[in-house]
Structures are given as structure tokens and as C-alpha cells.
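Structure first, commentary second.
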Amino acid sequence: MTETPMRLHIVCERDVGLFSLIQQVIANIPWAVTQNRVPVVHFGPRTCYWTPSGYRGRQTVWEYYFEPLDPAYPAARLPASVKALIGAEPPSPFETGYHLDEHIFVTSHFGDHPLLEGAALRIPYQWEDPDNRLRAAAKVVLDKYIRPRDYLTQKADSFFAQHLAGQYVVGVHVRGTDAVSPQEVRAFRRGSRVLSRYRAEIERLLELEPTAKIFVASDEQSSVDHLAAAFPGRVVAHDSVRHHGGEPAGQGPTGWIMPAYIAADADVAAKNGEDAIVEYLLLSRCDYLVHNGSSLARTVLLNAPDLPHTNTHYRSADGTEAPAGAVRGHRPEGSGS
């Protein structure tokens with residue numbers, strides 16, 4: 001008897017940041033499941049995290065950091081002919097995808113196309129943060145499919161045990177680099193790093209939790225240094241690859257704006273991805289999150305659906321950007337202050 005070929009849903013890379021790629025995968029999984037397809041992630045050279053020599057013994061960016069979505073179908077199982085066809089005709093990020101043949105569907109879409117309403121998860125990426133309903137739904141997907149490799153969970157566990165265990169922890173994520181670059185023209189990202197707003201919100205939280213530790217994650221060292229100086233003796237940070245000066249923004253493989261320090265060197269970008277996931281795992285274990293608009297912070301909210309948080313960058317009710325001193329807190333039902 002001839003075995004019926006598996007129906008595959010292959011998620012391909014886009015020229016975006018790592019956590020935008022992770023959100024792309026999260027959004028696609030329910031869509032694949034409803035179509036009775038096996039989801040497979042094949043992230044290659046159209047993202048700056050890809051390196052020709054591979055990373056941590058794996059050859060596709062997703063598996064640098066995560067286990068295959070389906071343990072029985074890693075990206076290495078994809079036939080070379082399929083990979084060659086995808087390389088010759090990459091799926092457009094602006095279309096839902098295409099059928100390579102009757103058994104294989106290929107996509108690089110985020111899942112927010114009108115045709116995918118009710119199939120894919122619609123994860124906001126501009127001004128809004130995920131609401132409680134989306135956070136709960138995404139958490140089911142994360143727990144079942146999004147499994148960081150052991151070397152990453154071990155690094156996060158070791159750091160947490162050494163620096164943060166047994167304390168109230170205010171997690172802080174500061175997206176800088178392209179957010180402060182004149183090359184960034186999108187209103188939801190441009191100028192979104194306002195450190196005075198971070199200080200004000202952290203001060204409010206310290207009034208409620210006077211002995212709290214502050215765990216700061218950022219893509220730029222100057223933001224970490226600024227908050228460490230503002231709150232001496234309280235700030236803890238993971239030793240991560242960060243931007244240290246010079247032009248903050250560069251271009252990814254297909255010309256999209258990316259932080260310059262990772263766009264310039266694929267090996268640095270691959271290591272930065274490792275560090276960013278460790279920071280994501282640590283932020284997910286904090287008691288409160290203060291952040292601006294970034295896919296990393298919003299993925300933390302999906303992974304920790306009861307985590308209360310404050311976004312320091314948002315629009316006012318009239319649609320304009322909020323004034324510099326304003327912050328907006330989100331406290332899910334059943335969460336603390």
C-alpha cells in the first residue's frame with residue numbers, strides 16, 4: 001500500500017525582527033491545524049538571523065532556537081527539491097501563500113489577511129497590545145508548539161535562580177535602535193523610546209513594591225545604562241549582544257529597516273537571537289512588565305497572559321500620539337496591581 005503524503009504548511013521567513021517571525025509562526029499554527037496540515041518552519045536567507053554555516057548545530061533559523069513544531073517533521077525532512085522551489089519563488093509577505101503542489105502549502109504571511117479571519121491568530125504589531133482573549137488563545141499555541149531548546153531554558157533558569165528568584169521583579173523591555181533612527185518613518189515605532197516615561201512608571205511601581213528588583217532587557221546598551229544609573233543597586237541585566245553606538249538602523253537582506261548592529265553581521269545576529277530569547281523567557285517570569293511597542297514585549301504578553309503591564313507608547317483617544325509624560329497600564333482580570 002502506498003503511503004499518503006503528509007499535507008504540509010510551510011512557514012517561510014520575512015525580512016523582519018526575530019520576534020515578528022515568532023509571532024508569524026504563532027499566528028499560522030491554528031490556520032495550519034484547521035486545514036489539517038502539518039506546520040513546518042523553514043526560515044532561510046531572507047532574514048538577517050540566517051547564517052550559511054548554521055547555528056547551534058541547526059541549519060534553519062527557527063531551529064537555531066526552537067524545537068520543530070512537530071517533532072516528527074523538522075525542517076531537515078523537507079526534500080531538497082522543495083527547498084529549491086521555495087528559494088526560486090519565495091512566498092510574498094503580502095499574499096496568503098501558494099500551493100507548491102497538492103500536498104504542500106507555502107506562506108510568509110502574518111495571518112492578518114481578511115481571508116484568514118477566524119483561521120489565523122491576528123496579533124497586533126502597531127499601536128495596540130494583545131487583549132486578554134488573544135493572550136489566552138495564543139498561550140495554548142505557545143505551550144503546545146513553541147518550545148525553546150534546552151540550552152536556552154537552562155541559561156534562563158540559571159540566571160533567574162542567581163539574580164531574581166524570591167523577589168518581586170519589575171521587567172523592563174526597551175526597544176531602541178530603529179525606534180530612534182531618522183530612517184524609521186512609521187508613527188507607531190518612530191520616537192517610541194522615551195526613557196522618562198519608563199522612569200516614571202518604574203518609580204510608581206517601586207512605591208508599591210519598595211524592595212523590587214528591576215530586570216532590564218534592551219537592544220541598546222545606552223538604555224540599560226540609563227536605567228541602571230536612575231535606579232542604582234536595583235537593575236539586573238543579562239549579558240547580551242546590544243547596539244553600542246553608531247548608526248542605529250540598517251537594512252535586512254531584502255531592504256527592510258532593521259537594527260544596524262545585527263543587519264551588518266549574520267553571526268552577530270544569530271547570537272543576538274539567542275540572547276533575545278533568554279531575555280524573553282526571563283521577562284515572562286517577572287511580576288510586572290514595562291515596555292514600548294515591540295514584538296518581543298508583546299510575545300511576552302502572549303506567553304504570560306496574566307502578566308500586568310504598562311505600554312509607554314500609545315495613541316490618545318483622538319488618534320494622536322500620547323503626550324510625553326503619559327503611560328497606559330493594562331492589568332488583566334485576576335492580576336495584581
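Following the order of the C-alpha cells, chains are lettered A, B, ..., residues in each are numbered from 1, and ligands are numbered from 1.
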Return as a PyMOL selection string the full set of residues in stretch 68-140 of chain A whose backbone-based DSSP assignment is helix (DSSP H, G or I).
chain A and resi 75-77+80-88+114-116+132-140
May I have the selected residues written with C-alpha atoms, as a compact mmCIF listing (two decimals), in the first residue's frame?
```
# COMPACT_ATOMS: atom_id res chain seq x y z
CA ALA A 75 12.79 21.29 8.53
CA ALA A 76 15.56 18.82 7.63
CA ARG A 77 12.86 16.43 6.40
CA ALA A 80 15.95 19.46 -1.29
CA SER A 81 13.69 19.88 -4.33
CA VAL A 82 11.03 21.57 -2.19
CA LYS A 83 13.59 23.93 -0.64
CA ALA A 84 14.90 24.77 -4.10
CA LEU A 85 11.42 25.59 -5.39
CA ILE A 86 10.74 27.83 -2.39
CA GLY A 87 14.08 29.56 -2.91
CA ALA A 88 13.21 30.19 -6.54
CA PRO A 114 -9.17 39.36 5.67
CA LEU A 115 -9.41 35.93 4.04
CA LEU A 116 -7.90 34.39 7.17
CA ASN A 132 -6.92 39.15 27.21
CA ARG A 133 -8.79 36.91 24.78
CA LEU A 134 -5.92 36.79 22.31
CA ARG A 135 -3.38 36.26 25.08
CA ALA A 136 -5.30 33.24 26.36
CA ALA A 137 -5.70 31.74 22.87
CA ALA A 138 -2.06 32.29 21.96
CA LYS A 139 -0.87 30.75 25.23
CA VAL A 140 -2.46 27.45 24.22
```
Test item, strand (DSSP E) assignment across stretch 202-318 of chain A, answer as a PyMOL selection string:
chain A and resi 213-218+235-236+249-251+257-259+288-291+309-311
Given only C-alpha atoms as the counted atoms, nearest of A:His309, A:Arg234, A:His109, A:Arg58 to A:Tyr288:
A:His309
For A:Tyr98, find every residue with an atom within 12 Å (counting only C-alpha atoms), except residues of its own chain fewer than 2 positions away, and show them as an MDAnalysis selection string.
chainID A and resid 8:12 85:86 89:96 100:109
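By chain and then residue number, the residues within 10 Å of stretch 68-72 of chain A are A:Val25, A:Ile29, A:Val38, A:Pro39, A:Val40, A:Val41, A:His42, A:Trp62, A:Lys144, A:Tyr145, A:Ile146, A:Arg147, A:Pro148, A:Arg149, counting only C-alpha atoms and disregarding those fewer than 6 positions away in sequence.
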